[in-house]
file data02.csv (CSV, C-alpha atoms)
chain,number,residue,atom,x,y,z
A,62,MET,CA,-125.3,64.8,48.8
A,63,ASP,CA,-124.9,68.3,50.1
A,64,THR,CA,-124.2,71.5,48.1
A,65,PRO,CA,-120.4,71.7,48.9
A,66,GLU,CA,-120.0,68.0,47.9
A,67,ILE,CA,-121.8,68.6,44.6
A,68,PHE,CA,-119.5,71.5,43.9
A,69,SER,CA,-116.5,69.5,44.8
A,70,THR,CA,-117.5,66.6,42.6
A,71,PHE,CA,-118.5,68.9,39.7
A,72,ALA,CA,-115.1,70.7,39.9
A,73,ARG,CA,-113.2,67.5,39.4
A,74,LEU,CA,-115.2,66.2,36.4
A,75,PRO,CA,-112.9,67.7,33.7
A,76,ILE,CA,-109.9,65.8,35.2
A,77,SER,CA,-111.1,62.4,34.0
A,78,SER,CA,-112.1,63.9,30.6
A,79,ALA,CA,-108.6,65.3,30.2
A,80,GLN,CA,-106.9,62.0,31.4
A,81,ASN,CA,-108.9,60.2,28.7
A,82,LEU,CA,-107.4,62.2,25.9
A,83,PRO,CA,-105.4,60.0,23.5
A,84,GLN,CA,-101.6,60.2,23.9
A,85,LEU,CA,-100.6,63.1,21.6
A,86,THR,CA,-97.3,64.0,20.1
A,87,ALA,CA,-95.8,67.4,20.6
A,88,GLU,CA,-96.9,68.2,17.0
A,89,GLN,CA,-100.5,67.2,17.7
A,90,LEU,CA,-100.6,69.1,21.0
A,91,ASN,CA,-99.4,72.3,19.3
A,92,ALA,CA,-101.3,71.9,16.0
A,93,HIS,CA,-103.9,74.5,15.0
A,94,PRO,CA,-106.6,72.4,13.3
A,95,ALA,CA,-108.3,74.3,10.4
A,96,GLY,CA,-106.1,77.3,11.3
A,97,HIS,CA,-107.8,77.9,14.6
A,98,PRO,CA,-105.7,80.0,16.9
A,99,ASN,CA,-106.1,77.7,19.9
A,100,SER,CA,-104.1,74.4,20.0
A,101,ILE,CA,-104.9,71.5,22.3
A,102,ALA,CA,-101.9,72.7,24.4
A,103,TRP,CA,-103.4,76.2,24.6
A,104,LEU,CA,-106.8,74.8,25.6
A,105,LEU,CA,-105.5,72.7,28.4
A,106,TRP,CA,-103.1,75.4,29.6
A,107,HIS,CA,-105.9,78.0,29.5
A,108,SER,CA,-108.2,75.7,31.4
A,109,SER,CA,-105.7,75.3,34.2
A,110,ARG,CA,-104.7,79.0,34.2
A,111,GLU,CA,-108.3,80.3,34.5
A,112,VAL,CA,-109.0,77.9,37.4
A,113,ASP,CA,-105.8,78.9,39.1
A,114,ALA,CA,-106.1,82.6,38.6
A,115,GLN,CA,-109.7,82.8,39.7
A,116,LEU,CA,-109.3,80.4,42.7
A,117,ALA,CA,-106.3,82.2,44.3
A,118,PRO,CA,-108.3,85.3,45.2
A,119,LEU,CA,-111.1,83.2,46.7
A,120,THR,CA,-108.8,81.2,48.9
A,121,GLY,CA,-106.2,83.8,49.6
A,122,GLN,CA,-103.5,81.4,48.5
A,123,ALA,CA,-100.8,81.8,45.9
A,124,GLN,CA,-101.5,80.5,42.4
A,125,LEU,CA,-100.2,77.0,41.7
A,126,TRP,CA,-98.6,78.6,38.6
A,127,ASP,CA,-95.8,79.8,40.9
A,128,GLU,CA,-94.8,76.1,41.1
A,129,TYR,CA,-95.3,75.4,37.4
A,130,ALA,CA,-94.1,78.4,35.5
A,131,GLU,CA,-90.5,77.3,35.2
A,132,ARG,CA,-91.5,73.9,34.0
A,133,PHE,CA,-93.7,75.3,31.3
A,134,ASP,CA,-91.1,77.9,30.3
A,135,LEU,CA,-93.6,80.2,28.6
A,136,GLY,CA,-92.2,83.4,29.9
A,137,GLU,CA,-94.5,86.3,30.8
A,138,LEU,CA,-97.2,85.1,28.4
A,139,GLY,CA,-97.5,82.0,30.4
A,140,ALA,CA,-98.6,84.0,33.5
A,141,SER,CA,-101.6,85.3,31.6
A,142,VAL,CA,-104.7,83.3,31.4
A,143,GLY,CA,-105.4,83.5,27.7
A,144,TYR,CA,-108.4,85.8,27.7
A,145,GLY,CA,-107.9,88.3,24.9
A,146,HIS,CA,-104.9,86.5,23.4
A,147,SER,CA,-104.4,87.5,19.8
A,148,SER,CA,-103.9,84.6,17.3
A,149,ALA,CA,-100.1,85.3,17.5
A,150,GLU,CA,-100.1,85.2,21.3
A,151,ALA,CA,-102.1,82.0,21.4
A,152,ALA,CA,-99.7,80.4,18.8
A,153,ARG,CA,-96.7,81.3,21.2
A,154,ILE,CA,-98.2,79.0,23.9
A,155,LYS,CA,-96.4,75.8,22.9
A,156,VAL,CA,-96.2,72.9,25.3
A,157,ASN,CA,-94.7,69.6,24.2
A,158,ASP,CA,-95.4,67.6,27.4
A,159,GLN,CA,-99.0,66.3,27.7
A,160,ALA,CA,-98.3,64.9,31.1
A,161,LEU,CA,-97.3,68.3,32.4
A,162,LEU,CA,-100.5,69.9,31.0
A,163,LEU,CA,-102.6,67.2,32.7
A,164,GLU,CA,-100.7,67.5,36.0
A,165,TYR,CA,-101.3,71.2,36.2
A,166,LEU,CA,-104.9,70.8,35.2
A,167,GLU,CA,-105.4,68.1,37.8
A,168,ALA,CA,-103.7,70.2,40.5
A,169,THR,CA,-105.8,73.2,39.9
A,170,LEU,CA,-109.1,71.4,39.6
A,171,THR,CA,-108.3,69.3,42.7
A,172,ALA,CA,-107.5,72.5,44.6
A,173,LEU,CA,-110.9,74.0,43.4
A,174,GLY,CA,-112.7,70.8,44.5
A,175,ASP,CA,-111.0,70.8,47.9
A,176,TYR,CA,-111.9,74.5,48.4
A,177,ALA,CA,-115.5,74.0,47.3
A,178,SER,CA,-115.9,71.1,49.8
A,179,THR,CA,-115.2,73.5,52.7
A,180,LEU,CA,-117.9,76.1,51.8
A,181,THR,CA,-121.1,76.5,53.7
A,182,PRO,CA,-124.4,77.5,51.9
A,183,THR,CA,-124.0,81.0,53.4
A,184,GLN,CA,-120.5,81.3,51.9
A,185,LEU,CA,-121.7,80.1,48.5
A,186,ASP,CA,-124.4,82.9,48.6
A,187,GLU,CA,-121.9,85.6,49.6
A,188,VAL,CA,-121.5,88.4,47.0
A,189,ILE,CA,-117.8,88.6,46.0
A,190,ASP,CA,-117.9,90.8,42.9
A,191,ARG,CA,-120.2,93.8,42.6
A,192,SER,CA,-118.7,94.9,39.3
A,193,TRP,CA,-121.3,92.7,37.5
A,194,ASP,CA,-125.1,93.2,37.3
A,195,PRO,CA,-126.3,91.1,38.9
A,196,ALA,CA,-123.5,91.0,41.5
A,197,VAL,CA,-121.6,87.7,41.5
A,198,THR,CA,-121.8,85.3,44.4
A,199,ARG,CA,-119.1,82.8,45.4
A,200,GLY,CA,-121.3,80.0,44.1
A,201,VAL,CA,-121.9,81.6,40.7
A,202,ARG,CA,-118.1,82.3,40.4
A,203,LEU,CA,-117.4,78.6,41.1
A,204,ILE,CA,-120.0,77.6,38.4
A,205,SER,CA,-118.4,79.9,35.9
A,206,ILE,CA,-114.9,78.6,36.6
A,207,ILE,CA,-116.0,75.0,36.3
A,208,ASP,CA,-118.1,75.6,33.2
A,209,ASP,CA,-115.1,77.2,31.4
A,210,ALA,CA,-112.8,74.3,32.3
A,211,ILE,CA,-115.4,71.7,31.1
A,212,ALA,CA,-115.9,73.6,27.8
A,213,HIS,CA,-112.2,73.9,27.1
A,214,VAL,CA,-111.3,70.3,28.0
A,215,ALA,CA,-114.2,69.2,25.7
A,216,GLN,CA,-112.8,71.3,22.9
A,217,ALA,CA,-109.4,69.7,23.4
A,218,ALA,CA,-111.0,66.3,23.3
A,219,TYR,CA,-112.8,67.2,20.0
A,220,ALA,CA,-109.6,68.5,18.5
A,221,ALA,CA,-107.7,65.4,19.6
A,222,GLY,CA,-110.3,63.2,18.0
A,223,ILE,CA,-109.9,65.0,14.7
A,224,LEU,CA,-106.1,64.8,14.9
A,225,THR,CA,-106.0,61.1,15.8
A,226,ALA,CA,-108.8,59.8,13.6

call {"tool": "encode", "arguments": {"input": "data02.csv", "output": "structure tokens"}}
result
Amino acid sequence: MDTPEIFSTFARLPISSAQNLPQLTAEQLNAHPAGHPNSIAWLLWHSSREVDAQLAPLTGQAQLWDEYAERFDLGELGASVGYGHSSAEAARIKVNDQALLLEYLEATLTALGDYASTLTPTQLDEVIDRSWDPAVTRGVRLISIIDDAIAHVAQAAYAAGILTA
């Protein structure tokens, strides 16, 4: 297995985890267990948004959100990625359609995996962001994007387990 294939496989791992969530009601998707500001809907939406928003500059392609924004109907807040959301803003992310959340997540992670599969080791080592110390390479950015998606999908799975136990 070569490096691009590893990245491509790694990028797709959260898809199966999300697909294995139990079927949730709209109330469960938008619940805030223990008063936590992030619902399962927010976690899945955020996972997709962060992948989409960070992948677009790497590929030079438009965000997939352009195709999904109307279906989610979240207004301007939906175009954000969730970083820095106040509790009130996070609570305004309400999505009643689990299938839509999973569809967008799968689309963004598949696009990430497809992109990763095209990269050479030289491209993975290319510095793409000098605003950090140390500077961020394309490979490190991919790891960061995937790590965030895995963490948030796992949080959604944990919350779903609590709500359906």

call {"tool": "closest_residue", "arguments": {"input": "data02.csv", "among": "A:Asn99, A:Ser108, A:Thr169, A:Thr86", "to": "Ala123 in chain A", "atoms": "only C-alpha atoms"}}
result
A:Thr169

call {"tool": "residues_around", "arguments": {"input": "data02.csv", "residues": "Glu187 in chain A", "least_positions_apart": "2", "cutoff": "8 Å", "atoms": "all atoms listed in the file", "output": "list in words"}}
result
Thr183, Gln184, Leu185, Ile189, Thr198, Arg199 and Gly200 of chain A

call {"tool": "atom_distance", "arguments": {"input": "data02.csv", "atom1": "CA of Arg202 in chain A", "atom2": "CA of Ser148 in chain A"}}
result
27.2 Å

call {"tool": "residues_around", "arguments": {"input": "data02.csv", "residues": "Ala92 in chain A", "least_positions_apart": "6", "cutoff": "12 Å", "atoms": "all atoms listed in the file", "output": "number ranges by chain"}}
result
A: 85-86, 98-104, 151-157, 217, 220-221, 223-225

call {"tool": "write_last_selection", "arguments": {"input": "data02.csv", "atoms": "C-alpha atoms", "output": "tab-separated table (two decimals), in the frame of the given file"}}
result
chain	number	residue	atom	x	y	z
A	85	LEU	CA	-100.60	63.10	21.60
A	86	THR	CA	-97.30	64.00	20.10
A	98	PRO	CA	-105.70	80.00	16.90
A	99	ASN	CA	-106.10	77.70	19.90
A	100	SER	CA	-104.10	74.40	20.00
A	101	ILE	CA	-104.90	71.50	22.30
A	102	ALA	CA	-101.90	72.70	24.40
A	103	TRP	CA	-103.40	76.20	24.60
A	104	LEU	CA	-106.80	74.80	25.60
A	151	ALA	CA	-102.10	82.00	21.40
A	152	ALA	CA	-99.70	80.40	18.80
A	153	ARG	CA	-96.70	81.30	21.20
A	154	ILE	CA	-98.20	79.00	23.90
A	155	LYS	CA	-96.40	75.80	22.90
A	156	VAL	CA	-96.20	72.90	25.30
A	157	ASN	CA	-94.70	69.60	24.20
A	217	ALA	CA	-109.40	69.70	23.40
A	220	ALA	CA	-109.60	68.50	18.50
A	221	ALA	CA	-107.70	65.40	19.60
A	223	ILE	CA	-109.90	65.00	14.70
A	224	LEU	CA	-106.10	64.80	14.90
A	225	THR	CA	-106.00	61.10	15.80

call {"tool": "residues_near_point", "arguments": {"input": "data02.csv", "point": "(-105.2, 73.2, 44.2)", "cutoff": "10 Å", "atoms": "all atoms listed in the file", "output": "MDAnalysis selection string"}}
result
chainID A and resid 112:113 116:117 120 122:125 165:176

call {"tool": "write_last_selection", "arguments": {"input": "data02.csv", "atoms": "C-alpha atoms", "output": "tab-separated table (two decimals), keeping the file's coordinate frame"}}
result
chain	number	residue	atom	x	y	z
A	112	VAL	CA	-109.00	77.90	37.40
A	113	ASP	CA	-105.80	78.90	39.10
A	116	LEU	CA	-109.30	80.40	42.70
A	117	ALA	CA	-106.30	82.20	44.30
A	120	THR	CA	-108.80	81.20	48.90
A	122	GLN	CA	-103.50	81.40	48.50
A	123	ALA	CA	-100.80	81.80	45.90
A	124	GLN	CA	-101.50	80.50	42.40
A	125	LEU	CA	-100.20	77.00	41.70
A	165	TYR	CA	-101.30	71.20	36.20
A	166	LEU	CA	-104.90	70.80	35.20
A	167	GLU	CA	-105.40	68.10	37.80
A	168	ALA	CA	-103.70	70.20	40.50
A	169	THR	CA	-105.80	73.20	39.90
A	170	LEU	CA	-109.10	71.40	39.60
A	171	THR	CA	-108.30	69.30	42.70
A	172	ALA	CA	-107.50	72.50	44.60
A	173	LEU	CA	-110.90	74.00	43.40
A	174	GLY	CA	-112.70	70.80	44.50
A	175	ASP	CA	-111.00	70.80	47.90
A	176	TYR	CA	-111.90	74.50	48.40

call {"tool": "residues_near_point", "arguments": {"input": "data02.csv", "point": "(-92.2, 72.3, 31.2)", "cutoff": "12 Å", "atoms": "all atoms listed in the file", "output": "JSON, numbers by chain"}}
result
{"A": [102, 106, 126, 128, 129, 130, 131, 132, 133, 134, 135, 136, 139, 154, 155, 156, 157, 158, 159, 160, 161, 162, 163, 164, 165]}

call {"tool": "atom_distance", "arguments": {"input": "data02.csv", "atom1": "CA of Ala140 in chain A", "atom2": "CA of Val214 in chain A"}}
result
19.5 Å

call {"tool": "closest_residue", "arguments": {"input": "data02.csv", "among": "A:Pro83, A:His213, A:Leu180, A:Asp208", "to": "Gly143 in chain A", "atoms": "all atoms listed in the file"}}
result
A:His213

call {"tool": "atom_distance", "arguments": {"input": "data02.csv", "atom1": "CA of Ser178 in chain A", "atom2": "CA of Pro65 in chain A"}}
result
4.6 Å

call {"tool": "closest_residue", "arguments": {"input": "data02.csv", "among": "A:Gln84, A:Ser141, A:Thr181, A:Ser78", "to": "Ala215 in chain A", "atoms": "all atoms listed in the file"}}
result
A:Ser78

call {"tool": "closest_residue", "arguments": {"input": "data02.csv", "among": "A:Leu105, A:Ala72, A:Ala149, A:Leu138", "to": "Ile204 in chain A", "atoms": "all atoms listed in the file"}}
result
A:Ala72

call {"tool": "build_atoms", "arguments": {"input": "data02.csv", "residues": "range 130-151 of chain A", "atoms": "N, CA, C and O atoms", "output": "PDB file, in the frame of the given file"}}
result
ATOM      1  N   ALA A 130     -94.577  77.516  36.586  1.00  0.00           N
ATOM      2  CA  ALA A 130     -94.100  78.400  35.500  1.00  0.00           C
ATOM      3  C   ALA A 130     -92.792  78.047  34.932  1.00  0.00           C
ATOM      4  O   ALA A 130     -92.647  78.040  33.695  1.00  0.00           O
ATOM      5  N   GLU A 131     -91.839  77.687  35.758  1.00  0.00           N
ATOM      6  CA  GLU A 131     -90.500  77.300  35.200  1.00  0.00           C
ATOM      7  C   GLU A 131     -90.573  76.068  34.386  1.00  0.00           C
ATOM      8  O   GLU A 131     -89.908  75.972  33.356  1.00  0.00           O
ATOM      9  N   ARG A 132     -91.387  75.116  34.791  1.00  0.00           N
ATOM     10  CA  ARG A 132     -91.500  73.900  34.000  1.00  0.00           C
ATOM     11  C   ARG A 132     -92.151  74.083  32.674  1.00  0.00           C
ATOM     12  O   ARG A 132     -91.797  73.418  31.696  1.00  0.00           O
ATOM     13  N   PHE A 133     -93.092  75.012  32.600  1.00  0.00           N
ATOM     14  CA  PHE A 133     -93.700  75.300  31.300  1.00  0.00           C
ATOM     15  C   PHE A 133     -92.852  76.163  30.430  1.00  0.00           C
ATOM     16  O   PHE A 133     -92.938  76.079  29.213  1.00  0.00           O
ATOM     17  N   ASP A 134     -92.055  77.026  31.036  1.00  0.00           N
ATOM     18  CA  ASP A 134     -91.100  77.900  30.300  1.00  0.00           C
ATOM     19  C   ASP A 134     -91.800  78.677  29.188  1.00  0.00           C
ATOM     20  O   ASP A 134     -91.366  78.672  28.038  1.00  0.00           O
ATOM     21  N   LEU A 135     -92.879  79.358  29.549  1.00  0.00           N
ATOM     22  CA  LEU A 135     -93.600  80.200  28.600  1.00  0.00           C
ATOM     23  C   LEU A 135     -93.387  81.654  28.732  1.00  0.00           C
ATOM     24  O   LEU A 135     -94.025  82.461  28.048  1.00  0.00           O
ATOM     25  N   GLY A 136     -92.515  82.025  29.651  1.00  0.00           N
ATOM     26  CA  GLY A 136     -92.200  83.400  29.900  1.00  0.00           C
ATOM     27  C   GLY A 136     -93.424  84.172  30.437  1.00  0.00           C
ATOM     28  O   GLY A 136     -94.319  83.572  31.039  1.00  0.00           O
ATOM     29  N   GLU A 137     -93.425  85.475  30.233  1.00  0.00           N
ATOM     30  CA  GLU A 137     -94.500  86.300  30.800  1.00  0.00           C
ATOM     31  C   GLU A 137     -95.864  85.932  30.232  1.00  0.00           C
ATOM     32  O   GLU A 137     -96.866  86.029  30.929  1.00  0.00           O
ATOM     33  N   LEU A 138     -95.912  85.518  28.990  1.00  0.00           N
ATOM     34  CA  LEU A 138     -97.200  85.100  28.400  1.00  0.00           C
ATOM     35  C   LEU A 138     -97.835  83.988  29.138  1.00  0.00           C
ATOM     36  O   LEU A 138     -99.052  83.924  29.277  1.00  0.00           O
ATOM     37  N   GLY A 139     -97.031  83.096  29.666  1.00  0.00           N
ATOM     38  CA  GLY A 139     -97.500  82.000  30.400  1.00  0.00           C
ATOM     39  C   GLY A 139     -98.260  82.355  31.690  1.00  0.00           C
ATOM     40  O   GLY A 139     -99.140  81.639  32.165  1.00  0.00           O
ATOM     41  N   ALA A 140     -97.909  83.500  32.251  1.00  0.00           N
ATOM     42  CA  ALA A 140     -98.600  84.000  33.500  1.00  0.00           C
ATOM     43  C   ALA A 140     -99.937  84.554  33.215  1.00  0.00           C
ATOM     44  O   ALA A 140    -100.728  84.724  34.140  1.00  0.00           O
ATOM     45  N   SER A 141    -100.232  84.860  31.947  1.00  0.00           N
ATOM     46  CA  SER A 141    -101.600  85.300  31.600  1.00  0.00           C
ATOM     47  C   SER A 141    -102.522  84.145  31.680  1.00  0.00           C
ATOM     48  O   SER A 141    -102.107  83.029  31.975  1.00  0.00           O
ATOM     49  N   VAL A 142    -103.795  84.378  31.415  1.00  0.00           N
ATOM     50  CA  VAL A 142    -104.700  83.300  31.400  1.00  0.00           C
ATOM     51  C   VAL A 142    -105.284  82.955  30.025  1.00  0.00           C
ATOM     52  O   VAL A 142    -106.012  81.988  29.849  1.00  0.00           O
ATOM     53  N   GLY A 143    -104.949  83.774  29.063  1.00  0.00           N
ATOM     54  CA  GLY A 143    -105.400  83.500  27.700  1.00  0.00           C
ATOM     55  C   GLY A 143    -106.549  84.335  27.221  1.00  0.00           C
ATOM     56  O   GLY A 143    -106.800  84.411  26.026  1.00  0.00           O
ATOM     57  N   TYR A 144    -107.303  84.945  28.144  1.00  0.00           N
ATOM     58  CA  TYR A 144    -108.400  85.800  27.700  1.00  0.00           C
ATOM     59  C   TYR A 144    -107.864  86.953  26.914  1.00  0.00           C
ATOM     60  O   TYR A 144    -106.958  87.644  27.345  1.00  0.00           O
ATOM     61  N   GLY A 145    -108.381  87.146  25.723  1.00  0.00           N
ATOM     62  CA  GLY A 145    -107.900  88.300  24.900  1.00  0.00           C
ATOM     63  C   GLY A 145    -106.668  88.004  24.126  1.00  0.00           C
ATOM     64  O   GLY A 145    -106.149  88.923  23.498  1.00  0.00           O
ATOM     65  N   HIS A 146    -106.152  86.774  24.159  1.00  0.00           N
ATOM     66  CA  HIS A 146    -104.900  86.500  23.400  1.00  0.00           C
ATOM     67  C   HIS A 146    -105.235  86.728  21.899  1.00  0.00           C
ATOM     68  O   HIS A 146    -106.277  86.303  21.380  1.00  0.00           O
ATOM     69  N   SER A 147    -104.313  87.381  21.233  1.00  0.00           N
ATOM     70  CA  SER A 147    -104.400  87.500  19.800  1.00  0.00           C
ATOM     71  C   SER A 147    -104.021  86.087  19.224  1.00  0.00           C
ATOM     72  O   SER A 147    -103.505  85.221  19.947  1.00  0.00           O
ATOM     73  N   SER A 148    -104.236  85.901  17.946  1.00  0.00           N
ATOM     74  CA  SER A 148    -103.900  84.600  17.300  1.00  0.00           C
ATOM     75  C   SER A 148    -102.356  84.392  17.471  1.00  0.00           C
ATOM     76  O   SER A 148    -101.925  83.266  17.730  1.00  0.00           O
ATOM     77  N   ALA A 149    -101.570  85.442  17.340  1.00  0.00           N
ATOM     78  CA  ALA A 149    -100.100  85.300  17.500  1.00  0.00           C
ATOM     79  C   ALA A 149     -99.721  84.934  18.898  1.00  0.00           C
ATOM     80  O   ALA A 149     -98.825  84.104  19.100  1.00  0.00           O
ATOM     81  N   GLU A 150    -100.378  85.529  19.879  1.00  0.00           N
ATOM     82  CA  GLU A 150    -100.100  85.200  21.300  1.00  0.00           C
ATOM     83  C   GLU A 150    -100.468  83.742  21.573  1.00  0.00           C
ATOM     84  O   GLU A 150     -99.711  83.006  22.213  1.00  0.00           O
ATOM     85  N   ALA A 151    -101.646  83.333  21.130  1.00  0.00           N
ATOM     86  CA  ALA A 151    -102.100  82.000  21.400  1.00  0.00           C
ATOM     87  C   ALA A 151    -101.117  80.973  20.714  1.00  0.00           C
ATOM     88  O   ALA A 151    -100.804  79.933  21.285  1.00  0.00           O
TER      89      ALA A 151
END
